[in-house]
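Source file: final31.txt; contents: compact mmCIF, C-alpha atoms.
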```
# COMPACT_ATOMS: atom_id res chain seq x y z
CA MET A 159 0.00 0.00 0.00
CA LEU A 160 1.35 3.43 -0.91
CA THR A 161 1.75 5.78 2.00
CA LEU A 162 2.23 9.48 2.52
CA ASN A 163 4.05 10.46 5.72
CA ASN A 164 3.42 6.91 7.00
CA ARG A 165 -0.32 7.33 6.39
CA PRO A 166 -2.11 5.14 3.83
CA VAL A 167 -3.23 7.21 0.87
CA ILE A 168 -6.55 5.44 0.70
CA CYS A 169 -9.90 6.99 1.07
CA THR A 170 -11.23 3.93 2.80
CA LEU A 171 -14.90 3.71 3.15
CA PHE A 172 -14.38 0.59 5.28
CA LEU A 173 -12.67 -1.06 2.34
CA GLY A 174 -12.57 2.18 0.43
CA ILE A 175 -11.52 3.39 -2.95
CA LEU A 176 -7.83 2.96 -3.64
CA LEU A 177 -6.66 6.46 -4.35
CA SER A 178 -3.57 5.47 -6.29
CA LEU A 179 -0.99 8.07 -7.26
CA THR A 180 0.01 7.93 -10.94
CA SER A 181 2.37 9.41 -13.49
CA CYS A 182 2.85 9.60 -17.25
CA ALA A 183 5.23 6.91 -18.49
CA SER A 184 4.17 5.31 -21.78
CA LYS A 185 4.14 6.07 -25.49
CA ASN A 186 0.34 6.05 -25.44
CA PHE A 187 0.18 8.68 -22.72
CA THR A 188 -0.04 12.30 -23.91
CA ALA A 189 3.24 14.07 -23.21
CA ALA A 190 1.74 17.55 -22.83
CA LYS A 191 2.81 19.40 -19.66
CA ALA A 192 2.03 22.76 -18.19
CA GLU A 193 4.89 25.22 -17.83
CA ILE A 194 6.00 24.30 -14.30
CA THR A 195 8.91 25.88 -12.48
CA ALA A 196 11.51 23.59 -10.94
CA GLN A 197 11.84 25.91 -7.97
CA LYS A 198 9.82 25.71 -4.79
CA SER A 199 6.25 27.00 -4.90
CA SER A 200 5.48 30.54 -3.81
CA ILE A 201 4.28 30.66 -0.21
CA VAL A 202 1.28 32.82 0.63
CA GLN A 203 0.41 31.93 4.21
CA ARG A 204 -3.25 32.37 5.07
CA LYS A 205 -4.70 32.70 8.53
CA VAL A 206 -5.70 29.20 9.59
CA ILE A 207 -8.63 28.60 11.95
CA ASP A 208 -8.94 25.28 13.80
CA LEU A 209 -12.67 24.53 13.72
CA THR A 210 -12.49 21.48 15.99
CA PRO A 211 -10.00 22.33 18.80
CA LYS A 212 -11.83 20.15 21.34
CA ILE A 213 -12.12 17.09 19.08
CA LYS A 214 -9.31 14.54 19.37
CA LEU A 215 -9.62 13.25 15.83
CA ALA A 216 -11.64 14.80 12.99
CA GLU A 217 -11.39 13.77 9.34
CA GLU A 218 -13.21 13.77 5.98
CA PRO A 219 -14.55 17.35 5.89
CA GLN A 220 -17.48 17.89 3.53
CA TRP A 221 -18.92 21.37 2.96
CA SER A 222 -22.69 21.49 2.51
CA PRO A 223 -23.72 22.75 -0.95
CA ASP A 224 -25.50 25.74 0.63
CA GLY A 225 -22.25 26.71 2.36
CA LYS A 226 -23.74 26.81 5.84
CA GLN A 227 -22.31 23.66 7.44
CA ILE A 228 -19.41 21.23 7.40
CA ALA A 229 -19.91 17.51 8.05
CA PHE A 230 -17.01 15.30 9.12
CA MET A 231 -16.09 12.01 10.77
CA SER A 232 -14.71 11.91 14.30
CA LEU A 233 -13.47 9.27 16.74
CA ASP A 234 -14.08 11.52 19.73
CA ASN A 235 -17.00 11.08 22.17
CA PRO A 236 -18.17 8.37 22.55
CA GLY A 237 -14.91 6.92 21.25
CA ASN A 238 -15.80 5.38 17.91
CA GLU A 239 -16.31 6.76 14.42
CA GLU A 240 -19.31 9.08 14.24
CA ILE A 241 -20.69 11.65 11.82
CA TYR A 242 -20.64 15.21 13.12
CA VAL A 243 -21.85 18.47 11.68
CA MET A 244 -21.05 22.07 12.59
CA ASN A 245 -21.64 25.54 11.25
CA ALA A 246 -19.01 26.75 8.80
CA ASP A 247 -17.45 28.86 11.57
CA GLY A 248 -17.12 25.83 13.87
CA SER A 249 -20.09 26.67 16.10
CA ASN A 250 -23.06 24.45 16.94
CA LEU A 251 -21.08 21.19 16.85
CA LYS A 252 -23.38 18.15 16.87
CA ASN A 253 -22.92 14.36 16.81
CA LEU A 254 -25.53 13.12 14.35
CA THR A 255 -25.14 9.35 14.47
CA LYS A 256 -24.55 8.49 18.17
CA ASN A 257 -24.06 4.83 17.39
CA LYS A 258 -21.73 2.24 18.94
CA ILE A 259 -20.75 0.89 15.51
CA LYS A 260 -18.58 2.77 13.01
CA ASP A 261 -20.25 5.50 10.97
CA ARG A 262 -18.11 7.48 8.54
CA SER A 263 -17.63 9.19 5.17
CA PRO A 264 -20.46 11.76 5.08
CA VAL A 265 -21.58 13.07 1.69
CA TRP A 266 -24.18 15.85 1.36
CA SER A 267 -27.15 15.65 -0.98
CA PRO A 268 -27.17 18.44 -3.58
CA ASP A 269 -29.95 20.31 -1.74
CA SER A 270 -28.09 20.12 1.64
CA LYS A 271 -31.10 18.44 3.25
CA LYS A 272 -29.65 14.92 3.61
CA ILE A 273 -26.33 13.21 4.32
CA ALA A 274 -25.33 9.82 2.98
CA PHE A 275 -22.80 7.87 5.04
CA LEU A 276 -21.37 4.40 5.60
CA SER A 277 -22.25 2.33 8.65
CA GLY A 278 -21.54 -1.18 9.88
CA ARG A 279 -24.41 -1.20 12.39
CA ASP A 280 -26.23 -3.99 10.55
CA GLY A 281 -23.24 -6.31 10.57
CA ASN A 282 -21.49 -5.20 7.38
CA PRO A 283 -20.78 -1.90 5.60
CA GLU A 284 -23.90 -0.34 4.08
CA VAL A 285 -24.88 2.99 2.55
CA TYR A 286 -27.20 4.95 4.84
CA VAL A 287 -29.01 8.25 4.42
CA MET A 288 -30.23 10.61 7.14
CA ASN A 289 -31.70 14.07 7.35
CA ALA A 290 -29.18 16.84 7.89
CA ASP A 291 -30.23 17.05 11.54
CA GLY A 292 -29.49 13.33 12.08
CA SER A 293 -33.08 12.13 12.04
CA ARG A 294 -34.47 9.21 10.01
CA GLN A 295 -31.25 7.22 9.59
CA THR A 296 -32.07 4.63 6.93
CA ASN A 297 -30.15 1.69 5.46
CA LEU A 298 -30.52 1.99 1.67
CA THR A 299 -28.49 -0.94 0.38
CA LYS A 300 -29.34 -3.86 2.74
CA ASN A 301 -27.05 -6.54 1.40
CA PRO A 302 -24.80 -9.02 3.28
CA ALA A 303 -21.99 -8.56 0.76
CA GLY A 304 -21.31 -5.01 1.92
CA ASP A 305 -21.60 -1.78 -0.05
CA TYR A 306 -18.96 0.92 -0.17
CA PRO A 307 -17.98 4.08 -2.11
CA TYR A 308 -20.85 6.20 -3.36
CA VAL A 309 -21.80 9.54 -4.94
CA TRP A 310 -25.05 11.46 -5.31
CA SER A 311 -26.40 12.32 -8.73
CA PRO A 312 -26.53 16.12 -9.23
CA ASP A 313 -30.34 16.11 -9.09
CA GLY A 314 -30.28 14.20 -5.78
CA LYS A 315 -32.49 11.42 -7.11
CA LYS A 316 -29.92 8.60 -7.23
CA ILE A 317 -26.83 7.32 -5.45
CA ALA A 318 -24.12 5.28 -7.17
CA PHE A 319 -22.07 2.88 -5.05
CA GLY A 320 -19.77 -0.16 -5.25
CA SER A 321 -20.60 -3.69 -4.13
CA ARG A 322 -19.45 -7.32 -4.36
CA ARG A 323 -23.00 -8.63 -4.07
CA GLU A 324 -22.82 -10.69 -7.27
CA ASN A 325 -20.15 -13.42 -7.50
CA ASN A 326 -17.79 -11.37 -5.32
CA ASP A 327 -17.14 -9.17 -8.35
CA TYR A 328 -16.76 -5.52 -7.32
CA GLU A 329 -19.10 -3.52 -9.57
CA ILE A 330 -20.96 -0.21 -9.65
CA TYR A 331 -24.67 -0.01 -8.81
CA ALA A 332 -27.20 2.81 -8.74
CA ILE A 333 -30.14 3.14 -6.40
CA ASP A 334 -32.87 5.74 -5.95
CA SER A 335 -32.22 7.96 -2.94
CA ASP A 336 -35.19 6.37 -1.14
CA GLY A 337 -33.62 2.89 -1.47
CA SER A 338 -35.75 1.65 -4.35
CA ASN A 339 -34.97 0.66 -7.93
CA ILE A 340 -31.46 -0.75 -7.51
CA LYS A 341 -29.59 -1.43 -10.76
CA ARG A 342 -26.17 -2.86 -11.59
CA ILE A 343 -24.51 -0.56 -14.11
CA THR A 344 -21.11 -2.18 -14.76
CA LYS A 345 -20.58 -5.85 -15.63
CA ASN A 346 -16.91 -6.64 -16.04
CA PRO A 347 -14.52 -9.20 -14.53
CA GLY A 348 -12.22 -6.40 -13.37
CA TYR A 349 -12.62 -4.08 -10.38
CA ASP A 350 -14.97 -1.13 -11.07
CA SER A 351 -15.45 1.62 -8.47
CA VAL A 352 -17.44 4.83 -8.75
CA LEU A 353 -15.52 8.12 -8.41
CA SER A 354 -17.68 11.10 -9.37
CA TRP A 355 -20.83 12.17 -11.22
CA SER A 356 -20.48 14.98 -13.75
CA PRO A 357 -22.15 18.23 -12.60
CA ASP A 358 -24.47 18.21 -15.63
CA GLY A 359 -25.68 14.74 -14.59
CA LYS A 360 -24.86 13.12 -17.91
CA LYS A 361 -21.78 11.04 -17.11
CA ILE A 362 -20.05 9.09 -14.33
CA ALA A 363 -16.28 8.82 -13.94
CA PHE A 364 -15.09 5.56 -12.45
CA LEU A 365 -11.96 3.56 -11.70
CA SER A 366 -11.49 0.16 -13.33
CA GLY A 367 -8.85 -2.55 -13.31
CA ARG A 368 -10.45 -4.43 -16.21
CA ASP A 369 -7.44 -3.83 -18.48
CA GLY A 370 -4.80 -4.96 -16.02
CA ASN A 371 -4.13 -1.80 -14.03
CA GLU A 372 -6.17 1.03 -12.55
CA GLU A 373 -7.41 3.44 -15.20
CA ILE A 374 -9.95 6.26 -15.40
CA TYR A 375 -13.11 5.51 -17.37
CA VAL A 376 -16.28 7.45 -18.07
CA MET A 377 -19.75 6.25 -19.00
CA ASN A 378 -23.13 7.78 -19.60
CA ALA A 379 -25.34 7.92 -16.53
CA ASP A 380 -27.41 5.05 -17.97
CA ALA A 381 -24.21 2.91 -18.10
CA SER A 382 -23.86 3.09 -21.89
CA ASN A 383 -20.69 4.03 -23.78
CA GLN A 384 -18.13 2.96 -21.16
CA THR A 385 -14.90 4.54 -22.36
CA ARG A 386 -11.33 4.28 -21.10
CA LEU A 387 -9.70 7.72 -20.81
CA THR A 388 -6.21 6.97 -19.49
CA LYS A 389 -4.04 4.46 -21.33
CA ASP A 390 -0.71 3.89 -19.59
CA PRO A 391 0.97 1.37 -17.26
CA ASN A 392 0.47 3.54 -14.17
CA ASN A 393 -2.27 3.68 -11.53
CA ASN A 394 -4.72 6.51 -12.11
CA ALA A 395 -7.44 7.50 -9.66
CA GLY A 396 -9.18 10.25 -7.70
CA ALA A 397 -11.04 11.61 -10.74
CA VAL A 398 -13.07 14.79 -10.17
CA TRP A 399 -15.09 16.72 -12.75
CA SER A 400 -14.64 20.38 -13.56
CA PRO A 401 -17.77 22.47 -12.83
CA ASP A 402 -18.59 22.71 -16.55
CA SER A 403 -18.35 18.89 -16.95
CA LYS A 404 -15.75 19.27 -19.72
CA LYS A 405 -12.60 18.14 -17.90
CA ILE A 406 -11.47 15.67 -15.23
CA ALA A 407 -8.62 16.18 -12.77
CA TYR A 408 -6.97 13.09 -11.31
CA HIS A 409 -3.76 11.92 -9.66
CA SER A 410 -1.32 9.41 -11.02
CA SER A 411 1.83 7.51 -10.00
CA PRO A 412 4.16 5.06 -11.67
CA GLU A 413 4.79 1.46 -10.71
CA PRO A 414 7.11 0.70 -9.05
CA PHE A 415 6.40 3.63 -6.77
CA ASN A 416 9.33 6.07 -6.44
CA ASN A 417 7.90 8.67 -4.06
CA ASN A 418 6.30 10.65 -6.84
CA GLY A 419 2.75 11.21 -8.04
CA TYR A 420 1.27 13.99 -10.11
CA ILE A 421 -1.94 15.86 -10.84
CA TYR A 422 -3.25 15.63 -14.40
CA VAL A 423 -6.20 17.13 -16.24
CA ILE A 424 -7.85 15.38 -19.19
CA ASN A 425 -10.77 16.32 -21.41
CA ALA A 426 -13.94 14.28 -20.87
CA ASP A 427 -13.44 12.63 -24.28
CA GLY A 428 -9.91 11.48 -23.36
CA SER A 429 -8.04 14.12 -25.35
CA GLY A 430 -5.61 16.73 -24.07
CA ASN A 431 -4.17 14.76 -21.16
CA THR A 432 -1.92 17.28 -19.38
CA GLN A 433 0.44 16.89 -16.43
CA LEU A 434 0.10 19.88 -14.08
CA THR A 435 2.53 19.06 -11.26
CA ASN A 436 6.00 17.54 -11.37
CA LYS A 437 7.40 17.33 -7.84
CA GLY A 438 6.83 14.93 -4.95
CA ILE A 439 3.49 13.27 -4.25
CA SER A 440 0.53 15.45 -5.25
CA GLN A 441 -3.01 14.13 -4.79
CA ASN A 442 -6.65 14.84 -3.88
CA PRO A 443 -7.30 17.58 -6.46
CA ALA A 444 -10.48 19.66 -6.11
CA TRP A 445 -11.80 22.23 -8.60
CA SER A 446 -12.81 25.68 -7.44
CA PRO A 447 -16.53 26.38 -8.00
CA ASP A 448 -15.71 28.70 -10.92
CA GLY A 449 -13.42 26.09 -12.50
CA LYS A 450 -10.44 28.44 -12.64
CA ARG A 451 -8.27 26.86 -9.93
CA ILE A 452 -7.41 23.48 -8.45
CA VAL A 453 -6.51 22.94 -4.80
CA PHE A 454 -4.55 19.84 -3.82
CA GLU A 455 -2.20 18.38 -1.23
CA SER A 456 1.48 17.71 -1.84
CA ASN A 457 4.63 16.72 0.03
CA ARG A 458 6.93 18.43 -2.47
CA ASP A 459 8.40 20.72 0.21
CA GLU A 460 9.17 17.83 2.57
CA ASN A 461 5.78 17.87 4.30
CA SER A 462 2.17 17.37 3.25
CA ASP A 463 0.67 20.85 2.75
CA ILE A 464 -2.18 22.47 0.85
CA TYR A 465 -1.45 24.11 -2.52
CA VAL A 466 -3.51 25.88 -5.13
CA MET A 467 -2.82 26.51 -8.81
CA ASN A 468 -4.59 27.76 -11.88
CA ALA A 469 -6.48 25.08 -13.80
CA ASP A 470 -3.67 24.99 -16.39
CA GLY A 471 -1.02 24.34 -13.71
CA SER A 472 0.37 27.88 -13.61
CA SER A 473 0.78 30.24 -10.62
CA GLU A 474 1.19 27.49 -8.06
CA ILE A 475 0.97 28.71 -4.45
CA ARG A 476 1.63 26.92 -1.17
CA LEU A 477 -1.12 27.85 1.29
CA THR A 478 -0.07 26.04 4.48
CA THR A 479 3.26 25.59 6.26
CA ASN A 480 2.13 23.32 9.06
CA LYS A 481 4.95 21.17 10.46
CA SER A 482 2.49 18.28 10.51
CA ARG A 483 0.25 16.92 7.75
CA ASP A 484 -2.42 18.99 5.97
CA SER A 485 -4.64 17.03 3.57
CA ARG A 486 -8.02 16.47 1.84
CA PRO A 487 -8.85 20.07 0.89
CA VAL A 488 -12.44 20.99 -0.08
CA TRP A 489 -13.75 24.33 -1.37
CA SER A 490 -16.60 26.28 0.12
CA PRO A 491 -19.43 26.65 -2.41
CA ASP A 492 -18.65 30.36 -2.88
CA GLY A 493 -14.99 29.58 -3.63
CA LYS A 494 -13.69 31.91 -0.92
CA GLN A 495 -12.57 29.35 1.69
CA ILE A 496 -11.02 25.90 1.95
CA ALA A 497 -11.60 23.34 4.69
CA TYR A 498 -9.12 20.52 5.18
CA GLU A 499 -7.65 18.00 7.60
CA CYS A 500 -4.86 19.51 9.70
CA PHE A 501 -2.68 17.74 12.22
CA GLN A 502 -2.28 19.69 15.46
CA ASN A 503 -0.22 18.27 18.33
CA GLY A 504 -0.51 14.77 16.96
CA GLN A 505 -4.28 14.95 16.45
CA SER A 506 -6.28 15.39 13.25
CA HIS A 507 -8.59 18.44 13.21
CA ILE A 508 -10.70 20.27 10.65
CA CYS A 509 -9.14 23.60 9.72
CA ARG A 510 -10.28 26.43 7.49
CA LEU A 511 -8.53 29.22 5.61
CA LYS A 512 -9.64 32.03 3.32
CA ILE A 513 -8.35 31.83 -0.22
```

What's the structure tokens form of this structure?
Amino acid sequence: MLTLNNRPVICTLFLGILLSLTSCASKNFTAAKAEITAQKSSIVQRKVIDLTPKIKLAEEPQWSPDGKQIAFMSLDNPGNEEIYVMNADGSNLKNLTKNKIKDRSPVWSPDSKKIAFLSGRDGNPEVYVMNADGSRQTNLTKNPAGDYPYVWSPDGKKIAFGSRRENNDYEIYAIDSDGSNIKRITKNPGYDSVLSWSPDGKKIAFLSGRDGNEEIYVMNADASNQTRLTKDPNNNAGAVWSPDSKKIAYHSSPEPFNNNGYIYVINADGSGNTQLTNKGISQNPAWSPDGKRIVFESNRDENSDIYVMNADGSSEIRLTTNKSRDSRPVWSPDGKQIAYECFQNGQSHICRLKI
């Protein structure tokens, strides 16, 4: 398993999606690169606010689409993984799940009224949905095989997720947000895991090992026209759509791993694959709401910090200089702030800075 600062770079939703780090290394892989300086990134230190100073461990920040709240996972009080929510300024902290079994990985519905999450309370990992105040916690998937990564459709009507419920073959399924009308949408002998739904609702980006290594694919929302975008011997993952649904940012690393991994952007049709970063391990890219910038984490300056760059890879700026790890940045819906995981005194907190 690849690690960053001795921490697995896996977004595990119990088993989780392998967020591999990949790099361009084959004749089939587009050689285009942004103009990237070999010198260290410019440092523009922002004022950092610790939103969870009294929480011993807080991870997986998710900003509500209306910008009012941040949901996250915490191991603090009563001592196991729970879903919490707080106002964007850190006030009104509330434990929503209050369950003795692990609950984690909150994801907001597009209208900010519901939160999907993973729970093992029924004996195996399942996708649950609850109201934003924690009421009406409902198991949607109800299958003994276990169900894992998931994303909401932009209209909030469906949720895509991964499962091994048929012949232990990990495939992508879609289900209505009320738990009805479940449908298997990939049928391949290789591993298929959902990554993100395009903002216009027309396509789904997913990770597949069907061709021998992990590559980025896209398909129509009805599962038709499954198309491989990346074509190289590396591991490619973490695909996120640009706000206009025209491009996908992802991270990539070579095998064997040599402590490097880069951010790329590719057009939704597979053309124009462009390497944006070229130093250290860079991962977890996130588009700004206006599509003009990409925030990401990188260890290029000997520690995992938060960086931002223009969408073409230019004007790269280092935002944090924490001596410990900063990771998993997410934009506020208005594009003016970034929330992220920050290590403080050996504990993981949720921090916020203005951009």

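In this structure, CA of Val206 in chain A sits 22.0 Å away from CA of Asp224 in chain A.
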
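Our summary of the geometry notes that CA of Gly471 in chain A is positioned 29.2 Å from CA of Asp350 in chain A.
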
Near-Asn468 in chain A list (7 Å; only C-alpha atoms; drop same-chain fewer than 5 positions) as a compact mmCIF listing (two decimals) with C-alpha atoms, keeping the file's coordinate frame:
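And here is the file that came out, selection-v7.txt:
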```
# COMPACT_ATOMS: atom_id res chain seq x y z
CA LYS A 450 -10.44 28.44 -12.64
CA ARG A 451 -8.27 26.86 -9.93
CA ILE A 452 -7.41 23.48 -8.45
CA SER A 473 0.78 30.24 -10.62
CA GLU A 474 1.19 27.49 -8.06
```

Taking (-24.1, -6.8, -10.6) in the file's coordinates, which residues come within 12 Å, counting only C-alpha atoms, written as a list in words? Ala303, Asp305, Phe319, Gly320, Ser321, Arg322, Arg323, Glu324, Asn325, Asn326, Asp327, Tyr328, Glu329, Ile330, Tyr331, Ala332, Ile340, Lys341, Arg342, Ile343, Thr344, Lys345, Asn346, Pro347, Tyr349 and Asp350 of chain A

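Here the question is which of A:Tyr422, A:Trp355, A:Tyr306, A:Tyr498 gets nearest to Ala407 in chain A using all atoms listed in the file, and that residue is A:Tyr422.
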
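Excluding Lys272 in chain A itself and any same-chain residue fewer than 2 positions from it, the protein and nucleic acid residues within 8 Å of it, counting all atoms listed in the file, are Trp266, Ser267, Asp269, Ser270, Ala274, Val287, Met288, Asn289 and Ala290 of chain A.
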
I'd like the contact shell of Gln505 in chain A - 8 Å cut-off, all atoms listed in the file, skipping same-chain residues fewer than 4 positions apart - returned as a short mmCIF file (atom, residue, chain, number, x, y, z; two decimals) with C-alpha atoms, in the frame of the given file.
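In the end it all went to out.cif:
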```cif
data_model
loop_
_atom_site.label_atom_id
_atom_site.label_comp_id
_atom_site.auth_asym_id
_atom_site.auth_seq_id
_atom_site.Cartn_x
_atom_site.Cartn_y
_atom_site.Cartn_z
CA LYS A 214 -9.31 14.54 19.37
CA LEU A 215 -9.62 13.25 15.83
CA PHE A 501 -2.68 17.74 12.22
#
```

Correct to one decimal, the distance CA of Asp313 in chain A-CA of Lys361 in chain A is 12.8 Å

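Using only C-alpha atoms, the smallest distance between any of A:Thr210, A:Ser472, A:Asn393, A:Gln220 and Ala497 in chain A comes from A:Gln220.
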
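When all atoms listed in the file are used to measure the gap to Asp463 in chain A, the shortest distance among A:Asn442, A:Gln502, A:Ser351, A:Thr478 belongs to A:Thr478.
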